[in-house]
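Engineer: Shown below is the structure under consideration.
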Amino acid sequence: MSLKSKFIGALIGSAIGDALGAPLEGNSMEEVNFGGDWKMISGRYTDDTEMMIGVAESLIENRGFNGADMAVKFIQNYHARRGYGPGSKEALRRIRGGESWEDASGKLFGGKGSYGNGAAMRIAPVGIFYYDNADKLREIAYKSSHVTHSHELGKEGAALQAFSIALAVQGTEKEAMLHDLKEFVKNVIYKEKLRKIEALLAEEADKKAIVFELGNGQEAFNSVPTAIYSFLRFDSFKDAVVYAISLGGDTDTIGAMTGAISGAYYGEGAIPVEWVERLEEGKKGRSYIKWLGEELYRVKFFND
Ligand code: F2R
Ligand code: MG
Ligand code: MG
């Protein structure tokens, strides 16, 4: 499968997972009460995709990372109705008010910074653009997170999600992925979660155990590992994303992150056409997101 298809697959896959999970966000696993085929209800994406678009636009325009520009892209694209986390909203409000992108996020949550999953949910463009350089990927994942998320756990979650996407682009065998992820991750909380993923995969655990052990919340450490698990457990884009959403909780975001890894692994062609066609169109809709994937590919390999 072509690398271009994987680049596009990661971005479209992320948007599809977001739009599929959006109507269920905040419902418990029991409330989601999954049983059957999955229909995309509205096709509207949320903050996850709106911010992912900003990351991609900025990387393309700057031929790499530019923090001040990425913050501007987030602000220009911002629509409150997409449903932003309070921390991200506050960081962008501060930057709009004149604070530097380096300083704003550190003021959140009593000066601790955010460990929400808002940096990880938008990281797909970083995962594909730096898929062949783990050190650079980590550096840019941390820096792009910092615009809104300065807590170590928020940044490490984004780096782990980006590296999962990178391994998927490389076509790493699933059995080898967990080993590579464990080598890559630095924080002990994520190391422990990766160890749990391995044990849960071995025992084919039920959904209750997955939510209990890995989480389904808005914290990066309670959602990034869940997305990685959902991807590793299944053999298709569709099964992985449907499973991720069926766990309830932060369904749009865990769906988006599972969709990004799965889209990067299986490629654009493996995403159900009926979902792609239902994804919203318009100025920054599905055609634009696909174009962003193509542009990231063009800039990376042809630098023109
Ligand atoms: N905001 C939402 N969904 C609710 C509204 C959607 C509704 N359907 C609507 O239409 O209005 N979803 C989006 O937010 C999540 C990403 O959040 P982000 O950007 O990380 O925000 P934040 O506020 O920084 O972190 C999320 C929560 O995590 C906890 N938290 C983070 N850092 C903390 C710290 N240092 N100490 C204590 N708690 C911390 C807080 O509860 C934060 O609010 C995604 O789900 C996205 O879809
Ligand atoms: Mg969202
Ligand atoms: Mg969410």
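Order determines the names: the first chain of the structure tokens is A, the second B, and so forth; residues in each chain are numbered 1 upward, and ligands are numbered 1 upward as they are shown.
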Report as CSV: every residue of chain A with an atom at most 6 Å from ligand 3, its closest pair of atoms, and their distance in Å to one decimal, counting only C-alpha atoms and all ligand atoms, with rows sorted by chain and ascending residue number.
Structural biologist:
residue,atom,partner,partner_atom_place_in_ligand_line,distance
A:Asp250,CA,ligand 3,1 (Mg),4.6
A:Asp252,CA,ligand 3,1 (Mg),4.7
A:Thr253,CA,ligand 3,1 (Mg),4.1
Engineer: Quick one: residues within 8 Å of Ala141 (chain A), only C-alpha atoms counted, chain neighbours fewer than 6 positions away excluded, as a ChimeraX atom specification?
Structural biologist: /A:123,126,155,158-159,162
Engineer: Dump as a tab-separated table the rows for residues of chain A within 7 Å of ligand 1: closest atom pair and distance in Å with one decimal, only C-alpha atoms and all ligand atoms counted, ordered by chain and rising residue number.
Structural biologist:
residue	atom	partner	partner_atom_place_in_ligand_line	distance
A:Ala22	CA	ligand 1	8 (N)	6.9
A:Glu25	CA	ligand 1	8 (N)	6.1
A:Thr46	CA	ligand 1	47 (O)	6.6
A:Asp47	CA	ligand 1	47 (O)	5.9
A:Asp48	CA	ligand 1	47 (O)	5.6
A:Arg81	CA	ligand 1	10 (O)	6.1
A:Arg82	CA	ligand 1	10 (O)	6.1
A:Gly83	CA	ligand 1	11 (O)	4.1
A:Tyr84	CA	ligand 1	1 (N)	4.3
A:Gly85	CA	ligand 1	21 (O)	3.4
A:Pro86	CA	ligand 1	23 (O)	3.9
A:Gly87	CA	ligand 1	23 (O)	3.3
A:Ser88	CA	ligand 1	19 (O)	4.5
A:Phe109	CA	ligand 1	35 (N)	4.9
A:Lys112	CA	ligand 1	35 (N)	5.3
A:Gly113	CA	ligand 1	35 (N)	5.2
A:Ser114	CA	ligand 1	32 (N)	3.4
A:Tyr115	CA	ligand 1	32 (N)	3.9
A:Gly116	CA	ligand 1	20 (O)	3.3
A:Asn117	CA	ligand 1	20 (O)	4.3
A:Gly118	CA	ligand 1	20 (O)	3.3
A:Ala119	CA	ligand 1	20 (O)	6.4
A:His149	CA	ligand 1	24 (O)	6.5
A:His151	CA	ligand 1	35 (N)	6.7
A:Gln218	CA	ligand 1	45 (O)	5.1
A:Glu219	CA	ligand 1	28 (O)	4.9
A:Asp250	CA	ligand 1	45 (O)	5.2
A:Asp252	CA	ligand 1	47 (O)	5.8
A:Thr253	CA	ligand 1	47 (O)	5.1
Engineer: List every residue of region 143-171 of chain A that has an atom at most 9 Å from any atom of region 2-18 of chain A, giving for each one its closest atom pair and the distance in Å to one decimal, counting only C-alpha atoms, sorted by chain and then by ascending residue number, as JSON lines.
Structural biologist:
{"residue": "A:Ile165", "atom": "CA", "partner": "A:Ala10", "partner_atom": "CA", "distance": 7.6}
{"residue": "A:Ala168", "atom": "CA", "partner": "A:Lys6", "partner_atom": "CA", "distance": 8.4}
{"residue": "A:Val169", "atom": "CA", "partner": "A:Lys6", "partner_atom": "CA", "distance": 6.0}
{"residue": "A:Gln170", "atom": "CA", "partner": "A:Leu3", "partner_atom": "CA", "distance": 8.5}
Engineer: Give me a file of those residues, with all heavy atoms, as a PDB file, in the first residue's frame.
Structural biologist:
ATOM      1  N   ILE A 165       1.075   6.193  15.411  1.00  0.00           N
ATOM      2  CA  ILE A 165       0.730   6.495  14.008  1.00  0.00           C
ATOM      3  C   ILE A 165       1.953   6.279  13.114  1.00  0.00           C
ATOM      4  O   ILE A 165       1.854   5.714  12.017  1.00  0.00           O
ATOM      5  CB  ILE A 165       0.189   7.943  13.900  1.00  0.00           C
ATOM      6  CG1 ILE A 165      -1.160   8.048  14.622  1.00  0.00           C
ATOM      7  CG2 ILE A 165       0.061   8.380  12.436  1.00  0.00           C
ATOM      8  CD1 ILE A 165      -1.635   9.474  14.876  1.00  0.00           C
ATOM      9  N   ALA A 168       2.499   2.728  12.488  1.00  0.00           N
ATOM     10  CA  ALA A 168       1.461   2.262  11.561  1.00  0.00           C
ATOM     11  C   ALA A 168       1.812   2.649  10.122  1.00  0.00           C
ATOM     12  O   ALA A 168       1.635   1.850   9.198  1.00  0.00           O
ATOM     13  CB  ALA A 168       0.099   2.845  11.956  1.00  0.00           C
ATOM     14  N   VAL A 169       2.314   3.856   9.926  1.00  0.00           N
ATOM     15  CA  VAL A 169       2.745   4.268   8.579  1.00  0.00           C
ATOM     16  C   VAL A 169       3.862   3.351   8.094  1.00  0.00           C
ATOM     17  O   VAL A 169       3.889   2.919   6.926  1.00  0.00           O
ATOM     18  CB  VAL A 169       3.226   5.747   8.571  1.00  0.00           C
ATOM     19  CG1 VAL A 169       3.848   6.106   7.229  1.00  0.00           C
ATOM     20  CG2 VAL A 169       2.073   6.696   8.880  1.00  0.00           C
ATOM     21  N   GLN A 170       4.788   3.031   8.993  1.00  0.00           N
ATOM     22  CA  GLN A 170       5.913   2.156   8.618  1.00  0.00           C
ATOM     23  C   GLN A 170       5.464   0.729   8.302  1.00  0.00           C
ATOM     24  O   GLN A 170       6.227  -0.053   7.745  1.00  0.00           O
ATOM     25  CB  GLN A 170       6.932   2.088   9.765  1.00  0.00           C
ATOM     26  CG  GLN A 170       7.737   3.355   9.968  1.00  0.00           C
ATOM     27  CD  GLN A 170       8.493   3.332  11.296  1.00  0.00           C
ATOM     28  OE1 GLN A 170       8.871   2.268  11.792  1.00  0.00           O
ATOM     29  NE2 GLN A 170       8.708   4.497  11.877  1.00  0.00           N
TER      30      GLN A 170
END
Engineer: What lies within 8 Å of His146 (chain A) using only C-alpha atoms, ignoring chain neighbours under 3 positions off, as a list of chain:residue names?
Structural biologist: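 The neighbour list is A:Trp101, A:Glu102, A:Ser105, A:Tyr142, A:Lys143, A:His149, A:Ser150, A:Lys155.
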Engineer: Would you export the selected residues with N, CA, C and O atoms as a compact mmCIF listing (two decimals), in the first residue's frame, please?
Structural biologist:
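Output saved as out-v7.txt:
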# COMPACT_ATOMS: atom_id res chain seq x y z
N TRP A 101 2.63 32.04 22.95
CA TRP A 101 2.22 30.64 22.91
C TRP A 101 3.09 29.79 23.84
O TRP A 101 2.66 28.75 24.33
N GLU A 102 4.30 30.26 24.13
CA GLU A 102 5.17 29.50 25.03
C GLU A 102 4.68 29.58 26.49
O GLU A 102 4.84 28.63 27.25
N SER A 105 -0.10 28.18 28.12
CA SER A 105 -0.61 26.88 28.61
C SER A 105 -0.12 26.54 30.02
O SER A 105 -0.78 25.80 30.75
N TYR A 142 5.90 17.17 21.47
CA TYR A 142 5.94 17.96 22.72
C TYR A 142 5.68 19.43 22.43
O TYR A 142 4.88 20.09 23.10
N LYS A 143 6.36 19.96 21.41
CA LYS A 143 6.23 21.40 21.13
C LYS A 143 4.82 21.75 20.66
O LYS A 143 4.26 22.78 21.06
N HIS A 149 -1.22 22.40 26.03
CA HIS A 149 -1.04 21.37 27.06
C HIS A 149 0.43 21.33 27.50
O HIS A 149 1.28 20.77 26.79
N SER A 150 0.69 21.86 28.70
CA SER A 150 2.10 21.90 29.14
C SER A 150 2.43 20.80 30.14
O SER A 150 3.60 20.59 30.46
N LYS A 155 1.70 15.94 27.20
CA LYS A 155 2.68 15.90 26.10
C LYS A 155 3.10 14.47 25.77
O LYS A 155 3.25 14.10 24.61
Engineer: Please provide as a VMD selection string all residues within 12 Å of Ser223 (chain A), with the sequence filter that same-chain residues fewer than 4 positions apart are discarded (counting only C-alpha atoms).
Structural biologist: chain A and resid 115 to 121 153 to 154 157 to 158 160 to 161 190 193 210 to 219 227 to 230 244 to 245 247 to 258
